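Undergrad: Would you mind keeping the following structure in view while I ask a few things?
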Amino acid sequence: VSSAPPAKARAPRSMAAPDRDGDLRRTFPALPPREAAAEGFAATWWGNAWVTALEEGALDAARLERGRGYAEHGHVDAITVTPGLVLAYVRGSRSRPYRVQVRLRTLGDSDWDRFLDAAVERPGHIAALLDGELPHSLADLADRGVPLLPGPGDLAPRCSCPDSGHPCKHAAALCYQTARLLDADPFVLLLR
């Protein structure tokens with residue numbers, strides 16, 4: 001009879017510093033490879049809005065296509081989200097993965113107040129969020145100065161690879177996988 005404690009599940013490898021944004025940091029396991037589909041990369045309107053921000057802000061369609069392939073084949077490791085930052089390692093052509101981050105605008109205190117005011121105006125908003133859905137009217141509070149989703153040019157990727165493209169294929173892969181992550185959990189947007 002062994003008295004050794006049971007082994008704990010290994011946490012996904014994260015790029016975030018252990019002391020950065022403590023309670024506001026979430027690390028999501030790597031998403032499995034995805035079958036290429038005729039329709040859009042994301043399944044929800046908010047995931048597709050993220051993809052649109054990526055694609056309309058990109059300077060090279062070929063890099064986007066390669067990044068999409070990397071995402072579809074599962075080359076993006078665990079994704080760590082902290083306020084204003086999405087981080088992951090992306091496996092490319094070399095044996096060591098590239099370090100990729102995408103910076104985003106964050107919501108200030110007054111933005112949060114406006115967002116919460118809008119959320120409580122309609123009880124259905126809170127119910128939708130709890131059901132894993134993001135109402136259009138809640139996501140786009142531009143009239144109140146609180147857009148939750150990025151627009152073209154709002155995603156600011158950086159990668160440790162030598163490619164100076166905007167974005168490189170590794171950063172595009174992370175952005176595509178982030179859209180899939182948002183499909184599954186729109187609350188990720190509220191970590192900003």
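Residue names in the structure tokens use chain letters A, B, ... in the order shown, residue numbers from 1 in each chain, and ligand numbers from 1 in the order shown.
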Find the residues around segment 53-55 of chain A up to 7 Å (only C-alpha atoms counted), leave out those fewer than 6 positions away in its own chain, and share them as number ranges by chain.

TA: A: 150-153, 155, 175

Undergrad: Output as a list in words all residues of chain A that backbone DSSP marks as strand (DSSP E).

TA: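 Matching residues, listed in order: Arg26, Thr27, Phe28, Ile79, Thr80, Val81, Thr82, Leu85, Val86, Leu87, Ala88, Tyr89, Val90, Tyr98, Arg99, Val100, Gln101, Val102, Arg103, Asp140, Leu141, Val146, Pro147, Ala156, Pro157, Arg158 and Cys159 of chain A.
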
Undergrad: Name the residues of segment 26-120 of chain A that come out as alpha helix (DSSP H) in a backbone DSSP run; write them as JSON, numbers by chain.

TA: {"A": [45, 46, 47, 48, 49, 50, 51, 52, 53, 54, 55, 56, 57, 61, 62, 63, 64, 65, 66, 67, 68, 69, 70, 71, 72, 109, 110, 111, 112, 113, 114, 115, 116, 117, 118, 119, 120]}

Undergrad: Keeping N, CA and C atoms for every residue in the selection just given, could you write it to a file as a CSV table (one decimal), in the first residue's frame?

TA:
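Listing of again-v5.csv after writing:
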```
chain,number,residue,atom,x,y,z
A,45,TRP,N,-20.7,35.3,-33.3
A,45,TRP,CA,-20.6,36.7,-33.9
A,45,TRP,C,-19.4,37.4,-33.2
A,46,TRP,N,-19.2,37.2,-31.9
A,46,TRP,CA,-18.2,37.9,-31.2
A,46,TRP,C,-16.8,37.3,-31.5
A,47,GLY,N,-16.7,36.0,-31.7
A,47,GLY,CA,-15.5,35.4,-32.1
A,47,GLY,C,-15.1,35.9,-33.5
A,48,ASN,N,-16.1,36.0,-34.4
A,48,ASN,CA,-15.9,36.5,-35.8
A,48,ASN,C,-15.5,38.0,-35.8
A,49,ALA,N,-16.0,38.8,-34.8
A,49,ALA,CA,-15.7,40.2,-34.7
A,49,ALA,C,-14.2,40.3,-34.4
A,50,TRP,N,-13.7,39.4,-33.6
A,50,TRP,CA,-12.2,39.4,-33.2
A,50,TRP,C,-11.4,39.0,-34.5
A,51,VAL,N,-11.9,38.0,-35.3
A,51,VAL,CA,-11.2,37.7,-36.5
A,51,VAL,C,-11.2,38.8,-37.5
A,52,THR,N,-12.3,39.5,-37.6
A,52,THR,CA,-12.4,40.7,-38.5
A,52,THR,C,-11.4,41.8,-38.1
A,53,ALA,N,-11.3,42.0,-36.8
A,53,ALA,CA,-10.3,43.0,-36.3
A,53,ALA,C,-8.9,42.6,-36.7
A,54,LEU,N,-8.6,41.3,-36.6
A,54,LEU,CA,-7.3,40.8,-37.0
A,54,LEU,C,-7.1,41.0,-38.5
A,55,GLU,N,-8.1,40.5,-39.3
A,55,GLU,CA,-7.9,40.5,-40.8
A,55,GLU,C,-7.9,41.8,-41.4
A,56,GLU,N,-8.8,42.7,-40.9
A,56,GLU,CA,-8.8,44.1,-41.5
A,56,GLU,C,-7.6,44.9,-41.0
A,57,GLY,N,-6.9,44.6,-40.0
A,57,GLY,CA,-5.8,45.3,-39.5
A,57,GLY,C,-4.5,44.7,-40.1
A,61,ALA,N,-2.0,39.1,-46.4
A,61,ALA,CA,-3.0,38.0,-46.4
A,61,ALA,C,-2.3,36.6,-46.3
A,62,ALA,N,-1.1,36.5,-46.9
A,62,ALA,CA,-0.3,35.2,-46.9
A,62,ALA,C,0.1,34.9,-45.5
A,63,ARG,N,0.5,35.9,-44.7
A,63,ARG,CA,0.9,35.6,-43.3
A,63,ARG,C,-0.4,35.2,-42.5
A,64,LEU,N,-1.5,35.8,-42.8
A,64,LEU,CA,-2.8,35.4,-42.1
A,64,LEU,C,-3.1,34.0,-42.5
A,65,GLU,N,-3.0,33.6,-43.7
A,65,GLU,CA,-3.3,32.2,-44.1
A,65,GLU,C,-2.4,31.2,-43.4
A,66,ARG,N,-1.1,31.5,-43.3
A,66,ARG,CA,-0.2,30.6,-42.6
A,66,ARG,C,-0.5,30.5,-41.1
A,67,GLY,N,-0.8,31.7,-40.6
A,67,GLY,CA,-1.2,31.7,-39.1
A,67,GLY,C,-2.5,30.9,-38.9
A,68,ARG,N,-3.4,31.0,-39.8
A,68,ARG,CA,-4.7,30.3,-39.7
A,68,ARG,C,-4.4,28.8,-39.7
A,69,GLY,N,-3.5,28.4,-40.6
A,69,GLY,CA,-3.0,27.0,-40.6
A,69,GLY,C,-2.4,26.5,-39.4
A,70,TYR,N,-1.5,27.4,-38.8
A,70,TYR,CA,-0.9,27.0,-37.5
A,70,TYR,C,-2.0,26.9,-36.4
A,71,ALA,N,-2.9,27.7,-36.4
A,71,ALA,CA,-4.0,27.6,-35.4
A,71,ALA,C,-4.8,26.4,-35.6
A,72,GLU,N,-5.2,26.1,-36.9
A,72,GLU,CA,-6.0,24.9,-37.2
A,72,GLU,C,-5.3,23.6,-36.8
A,109,ASP,N,-11.8,52.7,-14.8
A,109,ASP,CA,-12.9,52.6,-13.8
A,109,ASP,C,-14.2,53.2,-14.3
A,110,SER,N,-14.1,54.3,-15.0
A,110,SER,CA,-15.4,54.9,-15.6
A,110,SER,C,-16.0,54.1,-16.7
A,111,ASP,N,-15.1,53.4,-17.5
A,111,ASP,CA,-15.6,52.5,-18.5
A,111,ASP,C,-16.4,51.3,-17.9
A,112,TRP,N,-15.8,50.8,-16.8
A,112,TRP,CA,-16.5,49.7,-16.1
A,112,TRP,C,-17.8,50.2,-15.6
A,113,ASP,N,-17.9,51.4,-15.0
A,113,ASP,CA,-19.1,51.9,-14.5
A,113,ASP,C,-20.2,52.0,-15.6
A,114,ARG,N,-19.8,52.5,-16.8
A,114,ARG,CA,-20.7,52.6,-17.9
A,114,ARG,C,-21.1,51.2,-18.4
A,115,PHE,N,-20.2,50.2,-18.4
A,115,PHE,CA,-20.5,48.9,-18.8
A,115,PHE,C,-21.5,48.2,-17.8
A,116,LEU,N,-21.2,48.4,-16.6
A,116,LEU,CA,-22.1,47.8,-15.6
A,116,LEU,C,-23.5,48.4,-15.6
A,117,ASP,N,-23.6,49.7,-15.8
A,117,ASP,CA,-24.9,50.4,-15.9
A,117,ASP,C,-25.7,49.9,-17.1
A,118,ALA,N,-25.0,49.6,-18.2
A,118,ALA,CA,-25.7,49.1,-19.4
A,118,ALA,C,-26.1,47.6,-19.1
A,119,ALA,N,-25.3,46.9,-18.4
A,119,ALA,CA,-25.6,45.5,-18.2
A,119,ALA,C,-26.9,45.4,-17.3
A,120,VAL,N,-27.0,46.2,-16.3
A,120,VAL,CA,-28.1,46.1,-15.4
A,120,VAL,C,-29.4,46.8,-15.9
```

Undergrad: Would you mind reading off the distance between atom CA of Leu59 of chain A and atom CA of His166 of chain A, one decimal, in Å?

TA: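 Atom CA of Leu59 of chain A sits 5.8 Å away from atom CA of His166 of chain A.
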
Undergrad: From the set A:Leu190, A:Leu181, A:Leu129, A:Val86, which residue has the shortest atom-to-atom contact distance to Cys159 of chain A, counting only C-alpha atoms?

TA: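 Checking each of A:Leu190, A:Leu181, A:Leu129, A:Val86 against Cys159 of chain A, counting only C-alpha atoms, the winner is A:Val86.
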
Undergrad: With a distance cut-off of 10 Å and only C-alpha atoms, select the neighbouring residues of Ala43 of chain A, excluding the residue or stretch itself and same-chain residues fewer than 3 positions from it, and output the selection as a PyMOL selection string.

TA: chain A and resi 39-40+46-48+179-180+182-184

Undergrad: Can you spit out the residues from that selection as a PDB file, in the first residue's frame, using C-alpha atoms?

TA:
```
ATOM      1  CA  GLU A  39     -17.439  29.022 -43.031  1.00  0.00           C
ATOM      2  CA  GLY A  40     -15.603  31.475 -40.784  1.00  0.00           C
ATOM      3  CA  TRP A  46     -18.168  37.941 -31.162  1.00  0.00           C
ATOM      4  CA  GLY A  47     -15.460  35.431 -32.146  1.00  0.00           C
ATOM      5  CA  ASN A  48     -15.894  36.515 -35.762  1.00  0.00           C
ATOM      6  CA  ALA A 179     -11.297  33.915 -31.351  1.00  0.00           C
ATOM      7  CA  ARG A 180     -12.025  30.235 -30.649  1.00  0.00           C
ATOM      8  CA  LEU A 182     -13.863  33.732 -27.006  1.00  0.00           C
ATOM      9  CA  ASP A 183     -16.423  31.489 -28.729  1.00  0.00           C
ATOM     10  CA  ALA A 184     -16.271  29.164 -25.731  1.00  0.00           C
TER      11      ALA A 184
END
```

Undergrad: May I have the residues within 10 Å of Ala88 of chain A as a list in words, using only C-alpha atoms and disregarding those fewer than 3 positions away in the same chain?

TA: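 With the cut-off at 10 Å, the set is Arg13, Ser14, Met15, Ala16, Thr27, Phe28, Ala30, Val76, Asp77, Ala78, Ile79, Thr80, Val81, Arg91, Pro97, Tyr98, Arg99, Val100, Gln101, Val102, Cys159, His170, Ala171, Ala173, Leu174 and Thr178 of chain A.
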
Undergrad: Between A:Leu87, A:Leu24, A:Leu130, A:Leu104, which is the closest to Asp185 of chain A once you count only C-alpha atoms?

TA: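 Distance minimum relative to Asp185 of chain A lands on A:Leu130.
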
Undergrad: Compare A:Pro123, A:Gly108, A:Pro167, A:Gly74 by their minimum atom-to-atom distance to Leu31 of chain A, counting only C-alpha atoms, and give me the closest one.

TA: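 Going through A:Pro123, A:Gly108, A:Pro167, A:Gly74 one by one, the smallest distance to Leu31 of chain A is for A:Gly74.
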
Undergrad: To one decimal in Å, tell me the separation between atom CA of Arg94 of chain A and atom CA of Asp154 of chain A.

TA: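 Here the two named atoms are 29.1 Å from each other.
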
Undergrad: Can you work out which one of A:Leu149, A:Val188, A:Ala172, A:Val90 has the shortest atom-to-atom distance to Arg105 of chain A, counting only C-alpha atoms?

TA: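 Smallest distance to Arg105 of chain A is found for A:Leu149.
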
Undergrad: In terms of the shortest atom-to-atom distance over only C-alpha atoms, which of A:Cys168, A:Gly124, A:His73, A:Arg158 is closest to Pro32 of chain A?

TA: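 Using only C-alpha atoms, Pro32 of chain A sits closest to A:His73.
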
Undergrad: Rounded to one decimal place, report the atom CA of Thr44 of chain A-atom CA of Glu133 of chain A distance in Å.

TA: 8.7 Å
